[in-house]
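Novice: Take a look at this one; I'll ask things after.
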Amino acid sequence: MEKKKLSFTTGYVLAFGLLMLIANALLGAFILYQSNAEMVSLINKNMLDVVRSAAAIMNGDAMAALTEADVGDAEYEDIEEKLLAFQNHEDIVFIYAVRQESDGRFVFIVDPDPVEPAAFGEEIVVTEALIRAGEGTAAVDTKTAADRWGNYYSAYCPVFDSSGNVGGIVGIDFDAAWYEAALRNQTVSTVIFTLMSVIVGVAVVFFITYNVRKRFAKLDTGLSKLSRSVDAMVKDAGVTVESQHAEPAAYVDEIDDMSEKILMVQKSMDAYEKLQKDRYYRDSLTGLLNLKYVRQFADDRLNKLWATYVTPAVMYFDLRSMVSYNTEYGYSRGDELLKLTAETLLRVFPYALVGRGEGGHFIVISEFDADIGNKIRLVNEIVKKNAYGRTNGIQCAIVKMMPGMKAVDGLQRALSTLKKFDNDLNVIFRIYSYEDDEDFLISQYIVQHFDEALQNKWIKVYYQPVIRANSRKISVIEALARWVDPVKGLISPGQFIPVLSQYHMLHKLDLYMAETICREFHVRKEAGLPQIPVTINFSAQDFDYIDVPEAINKIMEKYGLSREKLIIEITEQDMAQATDFFKNQLQRIHDDGYKLWIDDFGSGYSSLSVISLYPVDRIKIDMALIRHLNDNGGANRIIIKAVVDMCRQMGIHTLAEGIENEEQYEFLCSIDCEMVQGFMFYKPEPVETAIEGFKNRTADIPHETTSERNELGAIWLKKGKDPE
């Protein structure tokens, strides 16, 4: 027999190993590309989160109205201080406010940089993200921009004014070197991991190939010896036989072993890719699943619960007063409280989907069982007991899911329920009632279409006159909001005002009303209508979001109106719960020359201290007292007369609202209530209807002049001080 070379098998092993190495290299390149794209997306998202958070604390009306002459005044310094405070808290290079001028230029309006600030009105380098922000969309630049301060990646977010227009833009700059270093570090890490995998693969292939060749060589030597012995025996026997050697099949196991080792490298690469996905779906602070995961996979969890014949529950937790906790104890302690809450939820709901929402919100999807209330109470107790500082604990809204409902339906209903919690700290959880579905759907419609309603002027100002009781002459006019929707028709204030209050959007409505009232003063004047003062309601909530006195003054100056033309109304409920800051703001309003009225006096929050603590000019007696004059033996008649007499002694004017019949009117005249208002005299109407009625009038509208109003008011007050 002739010696047969066994190089074919080792060549096959080498070829297979080479293919596996190439596959690993390609996979590494793909992971590199994906991880870089993921890193870019993550960085850009963080930049957007930062700039949106900064824009959220800005006042669009103030930014739109700033001029160079305002540099250094209170409004300018307020914006500058907010920007500086935000910069000190976040890891950013520069933060500033810009604005797009009427000629299309983008210019700086506030730059708090202490070293080299931009001048007011100085043009900024225009980028694609800045243009998009000017159009109303927050955006991040994908390319660096160079200016006299250096090279930066920038993010911009618009700040809308009360009319829904872009009043200004908040910009932040991130160092280009930092941005690119983050990408470079990601690239280096991925490349190193890939190279290590390839090197390990090469080593494994060479090790196996070496051992295969060694064993094949040993086998080849043995076969050669056997071949020579067989040839000698055949030769001695005088027979000629062609030897045919079959390839041994015992080496398949070696090839399989090599393949398994290469697959181990593959599994390592898969594990790395899974790690990247885990980071994408995890909250970096608490380690819980994040909103991205909940939005994408919550329905899967619901379906699994339904499949096991279990009724799911969607729970929305809120850590109460997180802002106050951070202010009192610091953000690091606030982070500890968030982590404590996350750990507690995982312990109490070990088999549930537990995720973190925005801020101090947490989401739990679990079984709805009889013990769910006790579990929530336990979470509250653990959090309050183990927190570093004093906390009000948690609130939880529970939605018992119905078949066919999506997770997002449950979350929206839970959030709506959470908004209805009052200040009673003993109420820890509330279960959503499907009897409220109609209210829920209209609430969602209101929230989702409110900005659109302002922009398209679906919300209109209706005016209802207030008359002097003894003369029936119009003295002032009250402005009321009416939402005339193209889809829902007339949405009553009783529906949309509580919803806007729950979602902290009332300040937008009240500023819109003030702007519309002042604009329509000129419309009424041009039509020949009397220029009668108008009253407008402001909510206590407004004062937490805007500088109300400053905002009112700017609107009045914009339309050239004297301050006697606008009267500010605040409900008795808001005044009774006022903080020192709120009291100071009301004093500013009065000092600026506006009259201040208390609305809904006697509506259930009555406190005599309210009219003694504030610079009140007039109280409006609530219609509930008027409607029930004869209840309980006429007790309300005695109360109303006492209120009118007391106010006159204190120098406070009176007005009764909700007058619907002659009996009510005659009673109020008999006790000398100064002014009255109600459907008996005039119904609310928009300015267009008032103008049309004025054009078709057959006689002059009975109304008071400014001097007559002031004189009659002084006479009414004097009656209470002069002896009869």
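Chain labels follow the order of the structure tokens: the first chain is A, the next B, and so on; residue numbering restarts at 1 in every chain, and ligands are counted from 1 in their shown order.
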Find the spatial neighbours of Val140 in chain A, counting only C-alpha atoms, within a cut-off of 9 Å - ignore same-chain residues fewer than 5 positions away - and output them as an NGL selection string.
Specialist: :A and (44-45 or 47-48 or 128-130 or 153-157)
Novice: Pull the strand (DSSP E) assignments for range 408-461 of chain A out of DSSP run on the backbone, and list those residues as a compact mmCIF listing (two decimals) with all heavy atoms, in the first residue's frame.
Specialist:
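Resulting contents of result37.txt:
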```
# COMPACT_ATOMS: atom_id res chain seq x y z
N PHE A 429 -55.31 54.78 48.39
CA PHE A 429 -55.57 54.25 47.05
C PHE A 429 -57.04 54.45 46.68
O PHE A 429 -57.91 54.65 47.54
CB PHE A 429 -55.20 52.76 46.95
CG PHE A 429 -56.05 51.84 47.78
CD1 PHE A 429 -57.22 51.29 47.25
CD2 PHE A 429 -55.70 51.53 49.07
CE1 PHE A 429 -58.00 50.45 48.00
CE2 PHE A 429 -56.48 50.68 49.84
CZ PHE A 429 -57.64 50.14 49.30
N ARG A 430 -57.30 54.40 45.40
CA ARG A 430 -58.66 54.55 44.88
C ARG A 430 -58.79 53.66 43.65
O ARG A 430 -57.88 53.61 42.81
CB ARG A 430 -58.94 56.01 44.54
CG ARG A 430 -60.34 56.25 44.01
CD ARG A 430 -60.62 57.73 43.93
NE ARG A 430 -60.66 58.33 45.26
CZ ARG A 430 -60.76 59.64 45.49
NH1 ARG A 430 -60.81 60.47 44.47
NH2 ARG A 430 -60.78 60.10 46.71
N ILE A 431 -59.92 52.96 43.54
CA ILE A 431 -60.17 52.08 42.41
C ILE A 431 -61.05 52.80 41.39
O ILE A 431 -62.07 53.40 41.75
CB ILE A 431 -60.85 50.77 42.86
CG1 ILE A 431 -59.96 50.04 43.87
CG2 ILE A 431 -61.15 49.87 41.67
CD1 ILE A 431 -60.59 48.80 44.47
N ILE A 459 -62.28 78.51 22.29
CA ILE A 459 -62.67 79.04 23.59
C ILE A 459 -62.94 80.53 23.42
O ILE A 459 -62.05 81.28 23.01
CB ILE A 459 -61.59 78.78 24.65
CG1 ILE A 459 -61.41 77.27 24.85
CG2 ILE A 459 -61.98 79.44 25.97
CD1 ILE A 459 -60.36 76.88 25.84
N LYS A 460 -64.15 80.93 23.75
CA LYS A 460 -64.57 82.31 23.52
C LYS A 460 -64.92 82.98 24.84
O LYS A 460 -65.26 82.31 25.82
CB LYS A 460 -65.78 82.35 22.58
CG LYS A 460 -65.50 81.73 21.21
CD LYS A 460 -66.69 81.87 20.28
CE LYS A 460 -66.39 81.24 18.91
NZ LYS A 460 -65.25 81.89 18.23
N VAL A 461 -64.82 84.31 24.83
CA VAL A 461 -65.20 85.09 26.01
C VAL A 461 -66.67 85.49 25.87
O VAL A 461 -67.07 86.09 24.88
CB VAL A 461 -64.33 86.35 26.15
CG1 VAL A 461 -64.79 87.17 27.35
CG2 VAL A 461 -62.87 85.97 26.31
```
Novice: Contacts of Gly72 in chain A at 12 Å or less, counting only C-alpha atoms, minus same-chain residues fewer than 5 places along, as a short mmCIF file (atom, residue, chain, number, x, y, z; two decimals) with N, CA and C atoms, in the first residue's frame?
Specialist:
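Here's the written file around08.cif:
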```cif
data_model
loop_
_atom_site.label_atom_id
_atom_site.label_comp_id
_atom_site.auth_asym_id
_atom_site.auth_seq_id
_atom_site.Cartn_x
_atom_site.Cartn_y
_atom_site.Cartn_z
N LEU A 66 -39.48 90.29 26.18
CA LEU A 66 -38.21 90.90 26.59
C LEU A 66 -37.64 91.83 25.52
N THR A 67 -37.17 92.98 25.96
CA THR A 67 -36.45 93.91 25.08
C THR A 67 -35.10 94.20 25.69
N GLU A 77 -33.84 89.00 35.19
CA GLU A 77 -33.05 88.29 36.19
C GLU A 77 -33.73 86.99 36.61
N ASP A 78 -35.06 86.98 36.59
CA ASP A 78 -35.77 85.75 36.93
C ASP A 78 -35.45 84.64 35.93
N ILE A 79 -35.47 84.98 34.63
CA ILE A 79 -35.14 84.00 33.60
C ILE A 79 -33.67 83.58 33.75
N GLU A 80 -32.80 84.56 33.99
CA GLU A 80 -31.37 84.27 34.11
C GLU A 80 -31.10 83.34 35.29
N GLU A 81 -31.80 83.59 36.44
CA GLU A 81 -31.60 82.76 37.62
C GLU A 81 -32.07 81.32 37.39
N ILE A 109 -31.43 86.28 23.87
CA ILE A 109 -32.14 87.24 24.71
C ILE A 109 -31.65 87.17 26.17
N VAL A 110 -31.25 85.97 26.62
CA VAL A 110 -30.66 85.83 27.96
C VAL A 110 -29.53 84.81 27.88
N ASP A 111 -28.33 85.21 28.28
CA ASP A 111 -27.19 84.30 28.34
C ASP A 111 -26.53 84.47 29.70
N PRO A 112 -26.74 83.51 30.63
CA PRO A 112 -26.22 83.66 31.99
C PRO A 112 -24.74 83.33 32.15
N PHE A 120 -27.54 90.89 24.35
CA PHE A 120 -28.94 90.82 23.95
C PHE A 120 -29.06 91.22 22.49
#
```
Novice: For Gly60 in chain A, which residue among A:Ala138, A:Leu18, A:Ala97, A:Val610 is the nearest when counting only C-alpha atoms?
Specialist: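 For Gly60 in chain A, the nearest of the given residues is A:Ala97.
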